[in-house]
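Enquirer: Quick one: the structure is below, questions incoming.
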Amino acid sequence: MEILNYAFMQRALLAAVLVGITAPAVGIYLVQRRQALMGDGIGHVAMTGVGLGFLLTWSPVWMATLVSVLGAVLMELIRWYGKTRGDIALAMLFYGGMAGGVMFINLAPGGSNANLTSYLFGSLSTVSESDVTAICLLAAFVVLVTIGLRRQLFAVSQDEEFARVTGLPVRALNLLTAVTAAVTVTVAMRVVGLLLVSALMVVPVAAAQQLTRSFAATFAVSVAVGVTVTISGTVTSYYQDVPPGATIVLLTIGAFVLLTALAAPLARRRARAATAAQPTADPAECKIPATRGAGDEIGV
């Protein structure tokens with residue numbers, strides 16, 4: 001294929017595959033926890049990390065990872081202790097992250113908002129070898145956590161009180177989920193962009209839930225959807241010269257609509273099968289005995 005003849009497209013496709021795997025792998029736990037927009041908030045905070053990376057002439061990916069992790073931990077602490085003012089604190093954290101990113105990148109030597117655009121909406125040509133190395137290492141961490149601790153993370157995501165009674169370290173697992181989500185945001189920002197990464201963490205999971213019933217099946221289908229749309233969006237972006245992040249998100253929404261349309265007849269088929277499997281008559285012990293005559297004997 002012509003597209004594979006270019007080194008920058010090889011790097012972009014590798015990054016796209018890793019993003020397609022990691023984003024839904026973390027998103028399934030966020031959806032279960034009803035924190036679907038957490039990735040969006042972390043993306044805002046990560047902008048400060050990108051700006052600091054330019055200002056300090058350090059890798060924006062690694063700096064964004066550090067700042068995102070700190071922001072995710074702070075978000076969890078606010079969730080635990082914030083009480084009635086927690087939403088205000090989170091709003092200040094999110095908008096402060098955006099403002100900090102813009103300020104720091106403009107203070108950097110030769111910096112401008114144009115440098116920030118590729119991190120906000122994704123860019124194929126700017127994925128460097130160092131970015132790919134960082135993305136591979138961070139993606140490996142995400143996969144190890146989301147698969148290796150899937151039982152514990154699922155238990156905490158479903159019912160924190162029950163998980164605490166069973167002896168699981170609920171707060172530590174919540175922090176680990178937040179940190180893993182922060183790492184995923186920085187993995188995805190070079191391909192999808194910080195402002196659109198939340199969609200890739202949530203929509204594939206929502207699409208998979210239209211067809212599946214078990215956690216394992218939802219996990220597998222959502223990752224398959226994620227990989228498919230990221231590769232398709234990257235290839236489309238190359239040939240049609242359109243933004244990769246927006247293309248991937250629109251394809252993800254299209255996959256959700258398609259799977260939702262397929263789910264309706266599948267649900268009707270399952271309902272008919274369940275009805276057909278039910279017995280057509282009451283069991284013998286449930287039947288009402290016929291009225292006996294005066295001369296009938298019991299048991300005859």
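In the structure tokens, chains take the letters A, B, ... in the order shown, each chain's residues start at 1, and ligands count up from 1 in the order shown.
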What's around A:Val179 at 12 Å? Count only C-alpha atoms, leave out sequence neighbours fewer than 3 positions away in its own chain, and write the answer as a PyMOL selection string.
Expert: chain A and resi 26+30+38-39+42+65-76+138+141-142+145-146+172-176+182-186
Enquirer: Please dump the current selection as an mmCIF file, in the first residue's frame; keep C-alpha atoms.
Expert:
```cif
data_model
loop_
_atom_site.group_PDB
_atom_site.id
_atom_site.type_symbol
_atom_site.label_atom_id
_atom_site.label_comp_id
_atom_site.auth_asym_id
_atom_site.auth_seq_id
_atom_site.Cartn_x
_atom_site.Cartn_y
_atom_site.Cartn_z
ATOM 1 C CA VAL A 26 -10.299 2.562 30.044
ATOM 2 C CA LEU A 30 -15.536 5.206 33.308
ATOM 3 C CA MET A 38 -13.776 12.482 32.996
ATOM 4 C CA GLY A 39 -11.571 12.129 29.922
ATOM 5 C CA ILE A 42 -8.341 15.456 32.006
ATOM 6 C CA THR A 65 1.374 12.796 31.216
ATOM 7 C CA LEU A 66 2.803 14.136 34.470
ATOM 8 C CA VAL A 67 0.354 17.043 34.699
ATOM 9 C CA SER A 68 -2.599 14.846 33.687
ATOM 10 C CA VAL A 69 -1.806 12.288 36.379
ATOM 11 C CA LEU A 70 -1.576 15.021 39.014
ATOM 12 C CA GLY A 71 -4.846 16.494 37.752
ATOM 13 C CA ALA A 72 -6.592 13.102 37.800
ATOM 14 C CA VAL A 73 -5.465 12.463 41.378
ATOM 15 C CA LEU A 74 -6.703 15.922 42.366
ATOM 16 C CA MET A 75 -10.050 15.196 40.690
ATOM 17 C CA GLU A 76 -10.436 12.022 42.764
ATOM 18 C CA LEU A 138 2.160 4.432 28.102
ATOM 19 C CA PHE A 141 0.847 0.421 31.112
ATOM 20 C CA VAL A 142 -2.824 1.012 30.263
ATOM 21 C CA VAL A 145 -3.853 -2.312 34.250
ATOM 22 C CA THR A 146 -7.168 -2.626 32.400
ATOM 23 C CA ALA A 172 -6.463 2.812 45.659
ATOM 24 C CA LEU A 173 -8.317 1.238 42.727
ATOM 25 C CA ASN A 174 -10.242 4.473 42.104
ATOM 26 C CA LEU A 175 -6.962 6.382 42.016
ATOM 27 C CA LEU A 176 -5.477 3.797 39.657
ATOM 28 C CA ALA A 182 -4.958 10.358 32.450
ATOM 29 C CA VAL A 183 -2.306 8.244 30.749
ATOM 30 C CA THR A 184 -4.804 7.263 28.046
ATOM 31 C CA VAL A 185 -5.565 10.910 27.321
ATOM 32 C CA THR A 186 -1.903 11.621 26.628
#
```
Enquirer: If we count only C-alpha atoms, what is near A:His44 at a cut-off of 6 Å, once residues fewer than 4 positions away on the same chain are taken out, given as a list in words?
Expert: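 Counting only C-alpha atoms, the residues come to Phe94, Gly97 and Met98 of chain A.
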Enquirer: Kindly export the residues of the current selection with all heavy atoms, as a PDB file, in the first residue's frame.
Expert:
```pdb
ATOM      1  N   PHE A  94     -10.569  22.483  35.449  1.00  0.00           N
ATOM      2  CA  PHE A  94     -10.650  22.272  34.004  1.00  0.00           C
ATOM      3  C   PHE A  94     -10.306  23.549  33.224  1.00  0.00           C
ATOM      4  O   PHE A  94      -9.466  23.539  32.320  1.00  0.00           O
ATOM      5  CB  PHE A  94     -12.053  21.801  33.611  1.00  0.00           C
ATOM      6  CG  PHE A  94     -12.430  20.471  34.204  1.00  0.00           C
ATOM      7  CD1 PHE A  94     -13.753  20.057  34.245  1.00  0.00           C
ATOM      8  CD2 PHE A  94     -11.461  19.635  34.735  1.00  0.00           C
ATOM      9  CE1 PHE A  94     -14.098  18.839  34.791  1.00  0.00           C
ATOM     10  CE2 PHE A  94     -11.799  18.400  35.292  1.00  0.00           C
ATOM     11  CZ  PHE A  94     -13.132  18.011  35.315  1.00  0.00           C
ATOM     12  N   GLY A  97      -6.769  24.623  33.597  1.00  0.00           N
ATOM     13  CA  GLY A  97      -5.880  23.824  32.752  1.00  0.00           C
ATOM     14  C   GLY A  97      -5.816  24.350  31.328  1.00  0.00           C
ATOM     15  O   GLY A  97      -4.738  24.439  30.731  1.00  0.00           O
ATOM     16  N   MET A  98      -6.960  24.715  30.767  1.00  0.00           N
ATOM     17  CA  MET A  98      -6.983  25.281  29.419  1.00  0.00           C
ATOM     18  C   MET A  98      -6.225  26.602  29.366  1.00  0.00           C
ATOM     19  O   MET A  98      -5.391  26.832  28.485  1.00  0.00           O
ATOM     20  CB  MET A  98      -8.427  25.489  28.959  1.00  0.00           C
ATOM     21  CG  MET A  98      -9.213  24.224  28.712  1.00  0.00           C
ATOM     22  SD  MET A  98     -10.876  24.578  28.099  1.00  0.00           S
ATOM     23  CE  MET A  98     -10.506  25.338  26.533  1.00  0.00           C
TER      24      MET A  98
END
```
Enquirer: Check the DSSP output for the backbone and give back, as a VMD selection string, the residues of stretch 81-179 of chain A in alpha helix (DSSP H).
Expert: chain A and resid 81 86 to 107 113 to 121 129 to 148 150 to 158 160 to 165 170 to 179
Enquirer: Please identify all polymer residues within 6 Å of A:Gly51, counting only C-alpha atoms, omitting same-chain residues fewer than 2 positions from it, and present them as a compact mmCIF listing (two decimals) with N, CA, C and O atoms, in the first residue's frame.
Expert:
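Final output, around_26.txt:
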```txt
# COMPACT_ATOMS: atom_id res chain seq x y z
N THR A 48 -2.19 22.23 30.03
CA THR A 48 -1.14 22.89 30.81
C THR A 48 0.17 22.14 30.67
O THR A 48 1.25 22.75 30.56
N GLY A 49 0.12 20.81 30.68
CA GLY A 49 1.32 20.01 30.51
C GLY A 49 1.97 20.23 29.16
O GLY A 49 3.21 20.32 29.06
N GLY A 53 5.63 21.82 28.54
CA GLY A 53 6.63 21.12 27.74
C GLY A 53 7.32 22.03 26.76
O GLY A 53 8.55 22.00 26.60
N PHE A 54 6.55 22.88 26.08
CA PHE A 54 7.14 23.85 25.16
C PHE A 54 7.96 24.89 25.91
O PHE A 54 9.04 25.29 25.46
N GLY A 101 -2.46 26.19 29.66
CA GLY A 101 -1.83 25.70 28.44
C GLY A 101 -1.61 26.81 27.43
O GLY A 101 -0.53 26.92 26.82
N PHE A 104 1.22 29.28 28.86
CA PHE A 104 2.59 28.75 28.85
C PHE A 104 3.14 28.61 27.44
O PHE A 104 4.31 28.88 27.19
N ILE A 105 2.29 28.20 26.49
CA ILE A 105 2.80 27.99 25.14
C ILE A 105 3.10 29.32 24.46
O ILE A 105 3.98 29.42 23.60
```
Enquirer: Measuring atom to atom with only C-alpha atoms, identify which of A:Leu149, A:Ala25, A:Val192, A:Val225 is nearest to A:Gly254.
Expert: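 Selected residue with least distance to A:Gly254: A:Val225.
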Enquirer: For a test of reading the model, state the distance in Å between atom CA of A:Val170 and atom CA of A:Val143, rounded to one decimal.
Expert: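 Spanning atom CA of A:Val170 to atom CA of A:Val143 is a straight-line distance of 20.0 Å.
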Enquirer: Given the choices A:Ser198, A:Ile135, A:Ala12, A:Val257, which gets closest to A:Gly41 if the distance is worked out from only C-alpha atoms?
Expert: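 Of the candidates, the smallest distance to A:Gly41 is held by A:Ser198.
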Enquirer: Extract, using only C-alpha atoms, all DNA, RNA and protein residues at most 8 Å from A:Ala23, discarding same-chain residues fewer than 6 positions from it, and format them as a PyMOL selection string.
Expert: chain A and resi 184-185+188+197+200-201+226
Enquirer: So that I can see what lies close to A:Leu124, please list as a list in words the residues with an atom at most 10 Å from it, counting only C-alpha atoms and leaving out residues fewer than 2 positions away in the same chain.
Expert: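 My list of contacting residues is Phe8, Met9, Gln10, Arg11, Ala12, Leu13, Ala15, Ala16, Ser118, Gly122, Thr126, Val127, Ser128, Arg190, Val191, Val192, Thr234, Val235, Ser237, Tyr238, Pro243, Pro244 and Gly245 of chain A.
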Enquirer: Write out as a PyMOL selection string the residues lying within 7 Å of stretch 152-155 of chain A, counting only C-alpha atoms and excluding same-chain residues fewer than 4 positions away.
Expert: chain A and resi 29+159+163+173
Enquirer: Keeping all heavy atoms for every residue in the selection just given, could you write it to a file as a CSV table (one decimal), in the first residue's frame?
Expert:
```
chain,number,residue,atom,x,y,z
A,29,TYR,N,-14.6,1.3,32.1
A,29,TYR,CA,-14.7,1.5,33.5
A,29,TYR,C,-15.3,2.9,33.9
A,29,TYR,O,-16.1,3.0,34.8
A,29,TYR,CB,-13.4,1.3,34.2
A,29,TYR,CG,-12.8,0.0,33.9
A,29,TYR,CD1,-11.7,-0.2,33.1
A,29,TYR,CD2,-13.3,-1.2,34.5
A,29,TYR,CE1,-11.1,-1.4,32.8
A,29,TYR,CE2,-12.7,-2.4,34.3
A,29,TYR,CZ,-11.6,-2.5,33.4
A,29,TYR,OH,-11.1,-3.8,33.2
A,159,ASP,N,-20.1,-1.4,42.1
A,159,ASP,CA,-20.6,-1.1,43.5
A,159,ASP,C,-19.5,-0.9,44.5
A,159,ASP,O,-18.9,-1.9,44.9
A,159,ASP,CB,-21.5,-2.3,43.9
A,159,ASP,CG,-22.3,-1.9,45.2
A,159,ASP,OD1,-21.9,-1.1,46.0
A,159,ASP,OD2,-23.4,-2.6,45.4
A,163,ALA,N,-17.7,-3.7,47.0
A,163,ALA,CA,-16.3,-4.0,46.8
A,163,ALA,C,-15.5,-3.7,48.1
A,163,ALA,O,-14.6,-4.5,48.5
A,163,ALA,CB,-15.7,-3.1,45.7
A,173,LEU,N,-7.9,1.6,44.1
A,173,LEU,CA,-8.3,1.2,42.7
A,173,LEU,C,-9.0,2.4,42.0
A,173,LEU,O,-8.8,2.6,40.8
A,173,LEU,CB,-9.3,0.1,42.8
A,173,LEU,CG,-8.7,-1.3,43.2
A,173,LEU,CD1,-9.8,-2.3,43.5
A,173,LEU,CD2,-7.7,-1.8,42.2
```
Enquirer: Find the residue from A:Thr133, A:Asn106, A:Thr22, A:Asn5 that sits nearest to A:Ser222; use only C-alpha atoms when measuring.
Expert: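 That would be A:Thr22, the residue with the smallest distance to A:Ser222.
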Enquirer: What is the atom CA of A:Leu93 to atom CA of A:Ile28 distance in Å?
Expert: 24.1 Å
